[in-house]
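K.L.:
Next comes the structure file work-v5.cif, holding mmCIF, C-alpha atoms (C1' of nucleotides).
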data_my_file
#
loop_
_atom_site.group_PDB
_atom_site.id
_atom_site.type_symbol
_atom_site.label_atom_id
_atom_site.label_comp_id
_atom_site.auth_asym_id
_atom_site.auth_seq_id
_atom_site.Cartn_x
_atom_site.Cartn_y
_atom_site.Cartn_z
ATOM 1 C CA MET E 1008 -9.608 -8.904 5.506
ATOM 2 C CA ARG E 1009 -7.166 -11.483 4.122
ATOM 3 C CA ILE E 1010 -7.083 -12.284 0.386
ATOM 4 C CA ALA E 1011 -5.072 -15.225 -0.983
ATOM 5 C CA THR E 1012 -3.867 -16.268 -4.423
ATOM 6 C CA TRP E 1013 -2.706 -19.821 -5.141
ATOM 7 C CA ASN E 1014 -2.011 -21.767 -8.323
ATOM 8 C CA ILE E 1015 -3.097 -25.211 -7.118
ATOM 9 C CA ASN E 1016 -2.060 -27.145 -10.270
ATOM 10 C CA GLY E 1017 -5.196 -29.249 -10.529
ATOM 11 C CA VAL E 1018 -8.073 -29.131 -8.041
ATOM 12 C CA LYS E 1019 -8.692 -32.877 -8.151
ATOM 13 C CA ALA E 1020 -5.039 -33.566 -7.306
ATOM 14 C CA ARG E 1021 -5.240 -31.082 -4.418
ATOM 15 C CA LEU E 1022 -8.344 -32.323 -2.598
ATOM 16 C CA GLU E 1023 -6.278 -33.058 0.524
ATOM 17 C CA THR E 1024 -3.784 -30.190 0.402
ATOM 18 C CA ALA E 1025 -6.035 -27.282 -0.592
ATOM 19 C CA PRO E 1026 -8.757 -27.700 2.070
ATOM 20 C CA ALA E 1027 -6.061 -28.418 4.666
ATOM 21 C CA TRP E 1028 -4.371 -25.085 3.974
ATOM 22 C CA LEU E 1029 -7.678 -23.211 3.902
ATOM 23 C CA ALA E 1030 -8.596 -24.703 7.262
ATOM 24 C CA GLU E 1031 -5.222 -23.628 8.667
ATOM 25 C CA SER E 1032 -5.004 -20.110 7.213
ATOM 26 C CA SER E 1033 -8.700 -19.259 6.765
ATOM 27 C CA PRO E 1034 -8.386 -16.386 4.271
ATOM 28 C CA ASP E 1035 -11.606 -14.457 3.588
ATOM 29 C CA ILE E 1036 -11.209 -14.606 -0.206
ATOM 30 C CA VAL E 1037 -9.172 -17.061 -2.292
ATOM 31 C CA CYS E 1038 -8.105 -16.871 -5.941
ATOM 32 C CA PHE E 1039 -7.271 -20.257 -7.457
ATOM 33 C CA GLN E 1040 -5.506 -20.802 -10.769
ATOM 34 C CA GLU E 1041 -4.981 -23.933 -12.867
ATOM 35 C CA ILE E 1042 -8.017 -25.760 -11.525
ATOM 36 C CA LYS E 1043 -7.813 -28.017 -14.628
ATOM 37 C CA SER E 1044 -11.501 -28.788 -14.399
ATOM 38 C CA VAL E 1045 -14.706 -27.935 -16.173
ATOM 39 C CA ASP E 1046 -17.207 -26.000 -14.060
ATOM 40 C CA GLU E 1047 -19.617 -28.941 -13.707
ATOM 41 C CA ALA E 1048 -16.875 -31.212 -12.334
ATOM 42 C CA PHE E 1049 -15.361 -28.744 -9.847
ATOM 43 C CA PRO E 1050 -15.485 -30.346 -6.370
ATOM 44 C CA ALA E 1051 -17.021 -27.399 -4.492
ATOM 45 C CA GLU E 1052 -18.262 -29.341 -1.487
ATOM 46 C CA PRO E 1053 -14.940 -29.602 0.441
ATOM 47 C CA PHE E 1054 -14.604 -25.824 0.128
ATOM 48 C CA GLU E 1055 -18.228 -25.004 0.891
ATOM 49 C CA ARG E 1056 -17.882 -27.097 4.038
ATOM 50 C CA LEU E 1057 -15.184 -24.622 5.148
ATOM 51 C CA GLY E 1058 -17.622 -21.740 4.707
ATOM 52 C CA TYR E 1059 -16.759 -20.565 1.196
ATOM 53 C CA ASN E 1060 -18.974 -19.557 -1.688
ATOM 54 C CA VAL E 1061 -17.398 -20.885 -4.901
ATOM 55 C CA VAL E 1062 -17.491 -19.594 -8.488
ATOM 56 C CA THR E 1063 -15.436 -21.068 -11.309
ATOM 57 C CA HIS E 1064 -14.397 -20.436 -14.900
ATOM 58 C CA GLY E 1065 -12.952 -23.728 -16.038
ATOM 59 C CA GLN E 1066 -12.134 -25.712 -19.128
ATOM 60 C CA LYS E 1067 -11.223 -29.271 -19.932
ATOM 61 C CA GLY E 1068 -7.762 -30.457 -18.951
ATOM 62 C CA PHE E 1069 -5.861 -27.200 -18.671
ATOM 63 C CA ASN E 1070 -6.014 -23.690 -17.212
ATOM 64 C CA GLY E 1071 -9.154 -22.670 -15.313
ATOM 65 C CA VAL E 1072 -9.613 -20.183 -12.455
ATOM 66 C CA ALA E 1073 -11.879 -19.938 -9.422
ATOM 67 C CA LEU E 1074 -12.857 -17.551 -6.639
ATOM 68 C CA LEU E 1075 -13.786 -18.577 -3.119
ATOM 69 C CA SER E 1076 -15.277 -16.117 -0.637
ATOM 70 C CA LYS E 1077 -16.740 -16.258 2.840
ATOM 71 C CA LEU E 1078 -18.781 -13.195 1.835
ATOM 72 C CA PRO E 1079 -21.457 -13.682 -0.838
ATOM 73 C CA PHE E 1080 -20.645 -12.691 -4.426
ATOM 74 C CA ASP E 1081 -22.639 -9.691 -5.614
ATOM 75 C CA GLU E 1082 -21.608 -10.067 -9.260
ATOM 76 C CA VAL E 1083 -19.344 -12.396 -11.234
ATOM 77 C CA THR E 1084 -17.699 -11.921 -14.646
ATOM 78 C CA ARG E 1085 -16.038 -14.815 -16.484
ATOM 79 C CA GLY E 1086 -13.319 -14.312 -19.084
ATOM 80 C CA LEU E 1087 -10.966 -11.418 -19.864
ATOM 81 C CA PRO E 1088 -12.665 -8.859 -22.130
ATOM 82 C CA GLY E 1089 -11.117 -7.872 -25.433
ATOM 83 C CA ASP E 1090 -11.058 -11.013 -27.605
ATOM 84 C CA ASP E 1091 -14.188 -13.076 -28.174
ATOM 85 C CA THR E 1092 -12.171 -15.724 -30.043
ATOM 86 C CA ASP E 1093 -10.011 -16.590 -26.988
ATOM 87 C CA VAL E 1094 -11.279 -19.929 -25.630
ATOM 88 C CA GLN E 1095 -8.764 -20.285 -22.786
ATOM 89 C CA SER E 1096 -10.221 -19.861 -19.271
ATOM 90 C CA ARG E 1097 -7.792 -17.600 -17.460
ATOM 91 C CA TYR E 1098 -9.796 -14.811 -15.806
ATOM 92 C CA ILE E 1099 -12.684 -14.485 -13.363
ATOM 93 C CA GLU E 1100 -13.708 -11.311 -11.551
ATOM 94 C CA ALA E 1101 -16.225 -10.704 -8.787
ATOM 95 C CA VAL E 1102 -17.464 -8.076 -6.364
ATOM 96 C CA VAL E 1103 -18.179 -8.684 -2.702
ATOM 97 C CA SER E 1104 -19.650 -6.286 -0.148
ATOM 98 C CA THR E 1105 -17.562 -5.646 2.944
ATOM 99 C CA PRO E 1106 -18.562 -3.556 5.967
ATOM 100 C CA GLN E 1107 -16.288 -0.841 4.479
ATOM 101 C CA GLY E 1108 -17.831 -1.010 1.002
ATOM 102 C CA ALA E 1109 -17.419 -2.925 -2.218
ATOM 103 C CA LEU E 1110 -14.282 -4.946 -2.966
ATOM 104 C CA ARG E 1111 -13.544 -6.187 -6.491
ATOM 105 C CA VAL E 1112 -11.248 -9.212 -6.861
ATOM 106 C CA ALA E 1113 -9.980 -11.025 -9.960
ATOM 107 C CA SER E 1114 -8.245 -14.398 -10.236
ATOM 108 C CA ILE E 1115 -5.753 -14.329 -13.113
ATOM 109 C CA TYR E 1116 -3.817 -17.110 -14.839
ATOM 110 C CA LEU E 1117 -1.609 -15.268 -17.306
ATOM 111 C CA PRO E 1118 -0.291 -17.399 -20.208
ATOM 112 C CA ASN E 1119 3.119 -19.005 -19.723
ATOM 113 C CA GLY E 1120 4.340 -18.103 -23.211
ATOM 114 C CA ASN E 1121 6.945 -20.834 -23.716
ATOM 115 C CA PRO E 1122 8.586 -21.678 -26.020
ATOM 116 C CA ILE E 1123 9.214 -18.095 -27.120
ATOM 117 C CA ASP E 1124 9.718 -19.009 -30.795
ATOM 118 C CA THR E 1125 6.145 -20.310 -31.062
ATOM 119 C CA ASP E 1126 2.785 -18.543 -31.222
ATOM 120 C CA LYS E 1127 2.485 -19.040 -27.461
ATOM 121 C CA PHE E 1128 4.730 -16.051 -26.766
ATOM 122 C CA PRO E 1129 2.821 -13.490 -28.870
ATOM 123 C CA TYR E 1130 -0.372 -14.897 -27.300
ATOM 124 C CA LYS E 1131 1.080 -14.115 -23.878
ATOM 125 C CA LEU E 1132 2.017 -10.558 -24.884
ATOM 126 C CA ALA E 1133 -1.389 -9.960 -26.507
ATOM 127 C CA TRP E 1134 -3.068 -11.257 -23.352
ATOM 128 C CA MET E 1135 -1.004 -8.827 -21.267
ATOM 129 C CA ARG E 1136 -2.137 -5.940 -23.496
ATOM 130 C CA ARG E 1137 -5.767 -7.018 -23.024
ATOM 131 C CA LEU E 1138 -5.232 -7.255 -19.275
ATOM 132 C CA ARG E 1139 -3.739 -3.773 -19.162
ATOM 133 C CA ALA E 1140 -6.695 -2.328 -21.075
ATOM 134 C CA HIS E 1141 -9.270 -4.000 -18.833
ATOM 135 C CA ALA E 1142 -7.300 -3.117 -15.696
ATOM 136 C CA ALA E 1143 -7.247 0.533 -16.793
ATOM 137 C CA SER E 1144 -11.047 0.491 -17.038
ATOM 138 C CA LEU E 1145 -11.132 -0.846 -13.473
ATOM 139 C CA LEU E 1146 -8.771 1.884 -12.239
ATOM 140 C CA ALA E 1147 -11.176 4.448 -13.698
ATOM 141 C CA LEU E 1148 -13.856 3.161 -11.316
ATOM 142 C CA GLU E 1149 -11.684 4.326 -8.370
ATOM 143 C CA GLU E 1150 -12.748 1.303 -6.333
ATOM 144 C CA ARG E 1151 -10.930 -1.083 -4.012
ATOM 145 C CA THR E 1152 -9.708 -3.672 -6.505
ATOM 146 C CA LEU E 1153 -7.239 -6.552 -6.292
ATOM 147 C CA LEU E 1154 -5.871 -8.393 -9.331
ATOM 148 C CA CYS E 1155 -4.439 -11.607 -7.949
ATOM 149 C CA GLY E 1156 -2.867 -14.568 -9.628
ATOM 150 C CA ASP E 1157 -0.130 -16.409 -11.452
ATOM 151 C CA TYR E 1158 1.250 -13.712 -13.761
ATOM 152 C CA ASN E 1159 4.003 -15.939 -15.193
ATOM 153 C CA VAL E 1160 6.336 -12.923 -15.048
ATOM 154 C CA ILE E 1161 9.557 -12.689 -13.025
ATOM 155 C CA PRO E 1162 9.605 -8.905 -12.510
ATOM 156 C CA GLU E 1163 13.245 -8.348 -11.500
ATOM 157 C CA PRO E 1164 16.545 -10.263 -11.213
ATOM 158 C CA GLU E 1165 16.119 -10.534 -7.432
ATOM 159 C CA ASP E 1166 12.860 -12.419 -8.025
ATOM 160 C CA CYS E 1167 14.726 -15.561 -9.132
ATOM 161 C CA PHE E 1168 17.604 -17.626 -7.799
ATOM 162 C CA ASP E 1169 19.706 -17.316 -10.959
ATOM 163 C CA PRO E 1170 18.671 -14.846 -13.689
ATOM 164 C CA ARG E 1171 21.056 -16.499 -16.167
ATOM 165 C CA ALA E 1172 18.959 -19.670 -16.039
ATOM 166 C CA TRP E 1173 15.855 -17.721 -17.155
ATOM 167 C CA MET E 1174 17.360 -15.650 -19.984
ATOM 168 C CA GLY E 1175 15.652 -17.526 -22.813
ATOM 169 C CA ASP E 1176 12.418 -18.064 -20.942
ATOM 170 C CA ALA E 1177 9.104 -16.323 -21.609
ATOM 171 C CA LEU E 1178 8.757 -15.517 -17.890
ATOM 172 C CA TYR E 1179 11.861 -13.324 -17.976
ATOM 173 C CA GLN E 1180 11.857 -11.915 -21.502
ATOM 174 C CA PRO E 1181 12.355 -8.128 -21.787
ATOM 175 C CA GLU E 1182 8.925 -7.884 -23.473
ATOM 176 C CA SER E 1183 7.211 -9.747 -20.610
ATOM 177 C CA ARG E 1184 8.914 -7.635 -17.959
ATOM 178 C CA ALA E 1185 8.223 -4.411 -19.871
ATOM 179 C CA ALA E 1186 4.518 -5.285 -20.104
ATOM 180 C CA TRP E 1187 4.516 -5.919 -16.347
ATOM 181 C CA ARG E 1188 6.095 -2.521 -15.674
ATOM 182 C CA THR E 1189 3.651 -0.820 -18.031
ATOM 183 C CA LEU E 1190 0.766 -2.348 -16.089
ATOM 184 C CA LEU E 1191 2.185 -1.199 -12.756
ATOM 185 C CA ASN E 1192 2.950 2.281 -14.088
ATOM 186 C CA ASP E 1193 -0.761 2.741 -14.770
ATOM 187 C CA GLY E 1194 -1.224 2.806 -10.997
ATOM 188 C CA TRP E 1195 -1.240 -0.763 -9.689
ATOM 189 C CA THR E 1196 0.799 -1.649 -6.598
ATOM 190 C CA ASP E 1197 2.817 -4.888 -6.405
ATOM 191 C CA CYS E 1198 1.764 -5.611 -2.812
ATOM 192 C CA LEU E 1199 4.655 -7.902 -1.873
ATOM 193 C CA ARG E 1200 7.223 -5.379 -3.077
ATOM 194 C CA ALA E 1201 5.395 -2.539 -1.328
ATOM 195 C CA VAL E 1202 5.970 -4.159 2.055
ATOM 196 C CA ASP E 1203 9.076 -6.340 1.569
ATOM 197 C CA GLY E 1204 12.229 -5.243 -0.268
ATOM 198 C CA ARG E 1205 14.202 -8.414 0.377
ATOM 199 C CA PRO E 1206 15.441 -10.455 -2.600
ATOM 200 C CA GLY E 1207 14.541 -14.113 -2.977
ATOM 201 C CA ARG E 1208 10.868 -13.946 -1.994
ATOM 202 C CA TYR E 1209 9.809 -16.888 -4.149
ATOM 203 C CA THR E 1210 6.331 -18.299 -4.795
ATOM 204 C CA PHE E 1211 7.202 -21.205 -7.136
ATOM 205 C CA TRP E 1212 9.728 -24.027 -7.052
ATOM 206 C CA ASP E 1213 9.851 -26.545 -9.923
ATOM 207 C CA TYR E 1214 9.057 -30.171 -9.137
ATOM 208 C CA GLN E 1215 12.203 -31.184 -11.018
ATOM 209 C CA ALA E 1216 15.898 -31.346 -10.143
ATOM 210 C CA GLY E 1217 15.403 -30.787 -6.412
ATOM 211 C CA ALA E 1218 14.536 -27.138 -7.019
ATOM 212 C CA ARG E 1219 12.827 -26.698 -3.650
ATOM 213 C CA GLN E 1220 15.723 -28.180 -1.683
ATOM 214 C CA LYS E 1221 18.204 -25.975 -3.552
ATOM 215 C CA ASN E 1222 15.858 -22.953 -3.250
ATOM 216 C CA TRP E 1223 15.863 -22.510 -7.025
ATOM 217 C CA GLY E 1224 12.649 -20.501 -6.883
ATOM 218 C CA ILE E 1225 10.974 -17.636 -8.702
ATOM 219 C CA ARG E 1226 8.403 -14.977 -7.725
ATOM 220 C CA ILE E 1227 5.586 -15.071 -10.266
ATOM 221 C CA ASP E 1228 2.410 -15.086 -8.121
ATOM 222 C CA HIS E 1229 1.397 -11.521 -7.422
ATOM 223 C CA ILE E 1230 -1.276 -9.378 -5.775
ATOM 224 C CA LEU E 1231 -1.805 -6.044 -7.528
ATOM 225 C CA ALA E 1232 -3.835 -3.403 -5.731
ATOM 226 C CA SER E 1233 -5.644 -0.323 -7.022
ATOM 227 C CA PRO E 1234 -4.738 2.881 -5.148
ATOM 228 C CA GLN E 1235 -7.912 2.606 -3.077
ATOM 229 C CA ALA E 1236 -6.945 -0.917 -1.979
ATOM 230 C CA ALA E 1237 -3.212 -0.237 -1.674
ATOM 231 C CA ASP E 1238 -3.958 2.537 0.819
ATOM 232 C CA ARG E 1239 -5.268 -0.177 3.122
ATOM 233 C CA LEU E 1240 -2.498 -2.748 2.630
ATOM 234 C CA ARG E 1241 -1.132 -4.037 5.927
ATOM 235 C CA GLY E 1242 1.121 -6.914 4.896
ATOM 236 C CA VAL E 1243 1.797 -9.852 2.584
ATOM 237 C CA ALA E 1244 2.743 -13.395 3.583
ATOM 238 C CA ILE E 1245 4.201 -16.063 1.286
ATOM 239 C CA GLU E 1246 3.095 -19.331 2.853
ATOM 240 C CA ASP E 1247 6.028 -21.359 1.569
ATOM 241 C CA HIS E 1248 5.799 -24.056 4.254
ATOM 242 C CA VAL E 1249 2.934 -25.486 2.194
ATOM 243 C CA ARG E 1250 5.473 -26.377 -0.527
ATOM 244 C CA ASP E 1251 6.888 -29.033 1.839
ATOM 245 C CA TRP E 1252 3.561 -30.768 2.525
ATOM 246 C CA ASP E 1253 2.602 -34.084 0.919
ATOM 247 C CA LYS E 1254 1.235 -33.706 -2.611
ATOM 248 C CA PRO E 1255 2.091 -29.996 -2.913
ATOM 249 C CA SER E 1256 1.369 -27.697 -5.808
ATOM 250 C CA ASP E 1257 4.568 -26.301 -7.310
ATOM 251 C CA HIS E 1258 3.226 -22.827 -6.355
ATOM 252 C CA VAL E 1259 2.535 -21.666 -2.780
ATOM 253 C CA PRO E 1260 -0.225 -19.400 -1.438
ATOM 254 C CA VAL E 1261 0.378 -15.652 -1.212
ATOM 255 C CA VAL E 1262 -1.845 -13.810 1.288
ATOM 256 C CA GLY E 1263 -2.454 -10.082 1.490
ATOM 257 C CA THR E 1264 -3.864 -8.469 4.626
ATOM 258 C CA PHE E 1265 -5.894 -5.279 4.213
ATOM 259 C CA ASP E 1266 -7.787 -2.896 6.495
ATOM 260 C CA LEU E 1267 -11.055 -3.631 4.755
ATOM 261 C "C1'" DA H 237 21.664 -29.357 -24.721
ATOM 262 C "C1'" DT H 238 18.084 -31.874 -22.518
ATOM 263 C "C1'" DG H 239 15.627 -33.943 -18.880
ATOM 264 C "C1'" DC H 240 14.978 -34.021 -14.355
ATOM 265 C "C1'" DC H 241 8.501 -34.091 -11.937
ATOM 266 C "C1'" DT H 242 3.463 -33.631 -11.966
ATOM 267 C "C1'" DT H 243 -1.157 -33.488 -13.953
ATOM 268 C "C1'" DG H 244 -4.722 -34.699 -17.114
ATOM 269 C "C1'" DT H 245 -6.201 -37.193 -21.134
ATOM 270 C "C1'" DC H 246 -11.989 -41.317 -24.144
ATOM 271 C "C1'" DG H 247 -4.061 -42.839 -21.672
ATOM 272 C "C1'" DC H 248 -1.634 -47.843 -22.815
ATOM 273 C "C1'" DA H 249 2.481 -42.196 -24.447
ATOM 274 C "C1'" DC H 250 2.089 -37.485 -24.790
ATOM 275 C "C1'" DA H 251 1.235 -32.413 -24.135
ATOM 276 C "C1'" DA H 252 1.808 -28.640 -21.031
ATOM 277 C "C1'" DG H 253 3.675 -26.523 -17.404
ATOM 278 C "C1'" DA H 254 7.675 -22.935 -15.763
#
Using the file provided, produce a representation of the structure as structure tokens.
P.N.:
Amino acid sequence: MRIATWNINGVKARLETAPAWLAESSPDIVCFQEIKSVDEAFPAEPFERLGYNVVTHGQKGFNGVALLSKLPFDEVTRGLPGDDTDVQSRYIEAVVSTPQGALRVASIYLPNGNPIDTDKFPYKLAWMRRLRAHAASLLALEERTLLCGDYNVIPEPEDCFDPRAWMGDALYQPESRAAWRTLLNDGWTDCLRAVDGRPGRYTFWDYQAGARQKNWGIRIDHILASPQAADRLRGVAIEDHVRDWDKPSDHVPVVGTFDL
DNA sequence: ATGCCTTGTCGCACAAGA
């Protein structure tokens, strides 16, 4: 079973690139972030034609997440629990039935948090606390669970080209990185790091300043596995060749392979 | 120090991203 996460930076702008990569890689389950579309306007047909069931949690203009699965969805939950006043669409969770049993997957678009001297940064940190609380309730189920998405956190210095360039940024603040570690210390496995200790395994390159050509990247797209899923982790691939296609997203797909 | 690009918006510049 192969599960992918990919911030596509606008589904309507990716109607060539996204189906092309899905046709090439053919993951069983896909977590999209930043669909930038309301649910009614999401162009599901190009994905359904490739054999995927599609569920979305969108909003107008910004944010928005989706799940695609070749297996049918048994249940779907939209929105991160813990704050009924939060109107931003950044979380969708579903359960599928595999031959080995149930698999729970969430697509996560964690707030960016910049600039850090505005209310966007405390919103990010509050969102991370909510995520930790909900994730802990999922760990208690002792199921195979994967929390996949754009976490907007650079975990360690080796996850960016030049840490000095990110010092004042919400993605690399001590509070952001501490919240990330707190989440992992509850029992979640950072799948890429579990199988690949090399520095410079980036998942995002800015559109600006020739960042891709200079390899000024960062690793912010992550697959977190519950113990029951991590036990079955076989490998993780960062499909960075997609960053060099026409009309790319600034993020690239990350694909985990599991014995499921 | 800032913008550099890209996307979406009831556009005709701007917000947001990271």
K.L.:
Report, in Å to a single decimal, how far apart atom CA of Met1135 of chain E and atom CA of Asp1090 of chain E are.
P.N.:
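Atom CA of Asp1090 of chain E sits 12.1 Å away from atom CA of Met1135 of chain E.
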K.L.:
Which residues, named as in the file, does the PyMOL selection byres ((chain H) within 7 of (chain E)) pick out? Answer as a list in words.
P.N.:
DC240, DC241, DT243 and DG244 of chain H
K.L.:
Please, what distance in Å, to one decimal, runs between atom CA of Glu1055 of chain E and atom CA of Ala1030 of chain E?
P.N.:
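So the answer is 11.6 Å.
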K.L.:
Emit as lines of an AutoDock Vina configuration file the padded axis-aligned box for all listed atoms of segment 1158-1162 of chain E, 3 Å per side, with centre and edge lengths in Å to one decimal.
P.N.:
center_x = 5.4
center_y = -12.4
center_z = -13.9
size_x = 14.4
size_y = 13.0
size_z = 8.7
K.L.:
So what does the PyMOL selection byres ((chain H and resi 253) around 9) actually pick up in this one, as a count of residues only?
P.N.:
4
K.L.:
What is the atom CA of Gly1086 of chain E to atom CA of Leu1148 of chain E distance in Å?
P.N.:
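Between atom CA of Gly1086 of chain E and atom CA of Leu1148 of chain E the gap works out to 19.1 Å.
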K.L.:
Might you pull out every residue within 10 Å of Thr1210 of chain E, with all atoms listed in the file counted and same-chain residues fewer than 4 positions away left off, and present them as JSON, numbers by chain?
P.N.:
{"E": [1013, 1014, 1157, 1166, 1167, 1224, 1225, 1226, 1227, 1228, 1229, 1245, 1246, 1247, 1250, 1257, 1258, 1259, 1260, 1261]}
K.L.:
Write out as a PyMOL selection string each polymer residue whose atoms come within 8 Å of Val1062 of chain E, counting all atoms listed in the file; drop sequence neighbours fewer than 2 positions from it.
P.N.:
chain E and resi 1060+1064+1073-1075+1083
K.L.:
Going by the chain IDs and residue numbers used in this file, which residues fall under the PyMOL selection byres ((chain E and resi 1147) around 12)? Write them as a VMD selection string.
P.N.:
chain E and resid 1140 to 1146 1148 to 1152 1193 to 1195 1233 to 1235
K.L.:
Starting from the block above, write segment 1164-1237 of chain E out to a file with C-alpha atoms, as an mmCIF file, in the first residue's frame, please.
P.N.:
data_model
loop_
_atom_site.group_PDB
_atom_site.id
_atom_site.type_symbol
_atom_site.label_atom_id
_atom_site.label_comp_id
_atom_site.auth_asym_id
_atom_site.auth_seq_id
_atom_site.Cartn_x
_atom_site.Cartn_y
_atom_site.Cartn_z
ATOM 1 C CA PRO E 1164 18.610 22.376 10.878
ATOM 2 C CA GLU E 1165 19.410 19.632 8.351
ATOM 3 C CA ASP E 1166 15.872 19.991 6.979
ATOM 4 C CA CYS E 1167 16.723 23.305 5.284
ATOM 5 C CA PHE E 1168 19.496 24.581 3.046
ATOM 6 C CA ASP E 1169 20.465 27.454 5.348
ATOM 7 C CA PRO E 1170 19.016 27.621 8.884
ATOM 8 C CA ARG E 1171 20.147 31.249 9.237
ATOM 9 C CA ALA E 1172 17.714 32.254 6.491
ATOM 10 C CA TRP E 1173 14.783 30.805 8.490
ATOM 11 C CA MET E 1174 15.597 32.193 11.949
ATOM 12 C CA GLY E 1175 12.770 34.731 12.045
ATOM 13 C CA ASP E 1176 10.288 32.519 10.257
ATOM 14 C CA ALA E 1177 7.275 30.791 11.805
ATOM 15 C CA LEU E 1178 8.306 27.492 10.177
ATOM 16 C CA TYR E 1179 11.528 27.392 12.192
ATOM 17 C CA GLN E 1180 10.600 29.129 15.439
ATOM 18 C CA PRO E 1181 11.597 27.302 18.653
ATOM 19 C CA GLU E 1182 7.894 27.148 19.620
ATOM 20 C CA SER E 1183 6.931 25.539 16.290
ATOM 21 C CA ARG E 1184 9.735 22.991 16.490
ATOM 22 C CA ALA E 1185 8.999 22.247 20.155
ATOM 23 C CA ALA E 1186 5.332 21.591 19.336
ATOM 24 C CA TRP E 1187 6.457 19.231 16.566
ATOM 25 C CA ARG E 1188 8.710 17.324 18.972
ATOM 26 C CA THR E 1189 5.945 17.162 21.570
ATOM 27 C CA LEU E 1190 3.646 15.604 18.978
ATOM 28 C CA LEU E 1191 6.250 13.021 17.982
ATOM 29 C CA ASN E 1192 7.100 12.230 21.603
ATOM 30 C CA ASP E 1193 3.501 11.119 22.115
ATOM 31 C CA GLY E 1194 4.320 8.172 19.857
ATOM 32 C CA TRP E 1195 4.143 9.302 16.232
ATOM 33 C CA THR E 1196 6.907 8.308 13.810
ATOM 34 C CA ASP E 1197 8.311 10.790 11.265
ATOM 35 C CA CYS E 1198 8.391 8.221 8.447
ATOM 36 C CA LEU E 1199 11.009 9.920 6.268
ATOM 37 C CA ARG E 1200 13.420 10.246 9.182
ATOM 38 C CA ALA E 1201 12.764 6.656 10.252
ATOM 39 C CA VAL E 1202 14.141 5.351 6.965
ATOM 40 C CA ASP E 1203 16.509 8.099 5.748
ATOM 41 C CA GLY E 1204 19.019 9.930 7.953
ATOM 42 C CA ARG E 1205 20.541 12.026 5.186
ATOM 43 C CA PRO E 1206 20.378 15.830 5.450
ATOM 44 C CA GLY E 1207 18.811 17.918 2.708
ATOM 45 C CA ARG E 1208 15.746 15.781 1.985
ATOM 46 C CA TYR E 1209 13.567 18.685 0.872
ATOM 47 C CA THR E 1210 9.887 18.726 -0.107
ATOM 48 C CA PHE E 1211 9.447 22.440 -0.941
ATOM 49 C CA TRP E 1212 11.356 24.939 -3.052
ATOM 50 C CA ASP E 1213 10.112 28.543 -3.311
ATOM 51 C CA TYR E 1214 9.031 29.805 -6.722
ATOM 52 C CA GLN E 1215 11.172 32.899 -6.167
ATOM 53 C CA ALA E 1216 14.869 33.690 -6.560
ATOM 54 C CA GLY E 1217 15.725 30.473 -8.402
ATOM 55 C CA ALA E 1218 15.324 28.468 -5.199
ATOM 56 C CA ARG E 1219 14.913 25.146 -7.005
ATOM 57 C CA GLN E 1220 18.007 25.627 -9.161
ATOM 58 C CA LYS E 1221 20.066 26.591 -6.105
ATOM 59 C CA ASN E 1222 18.483 23.759 -4.055
ATOM 60 C CA TRP E 1223 17.322 26.245 -1.425
ATOM 61 C CA GLY E 1224 14.712 23.809 -0.145
ATOM 62 C CA ILE E 1225 13.032 22.853 3.109
ATOM 63 C CA ARG E 1226 11.402 19.661 4.448
ATOM 64 C CA ILE E 1227 7.933 20.547 5.704
ATOM 65 C CA ASP E 1228 5.681 17.851 4.171
ATOM 66 C CA HIS E 1229 5.558 14.894 6.508
ATOM 67 C CA ILE E 1230 3.968 11.480 7.026
ATOM 68 C CA LEU E 1231 3.453 10.615 10.694
ATOM 69 C CA ALA E 1232 2.593 7.033 11.562
ATOM 70 C CA SER E 1233 0.996 5.518 14.657
ATOM 71 C CA PRO E 1234 2.985 2.610 16.136
ATOM 72 C CA GLN E 1235 0.666 0.121 14.442
ATOM 73 C CA ALA E 1236 1.343 1.731 11.050
ATOM 74 C CA ALA E 1237 5.027 2.458 11.674
#
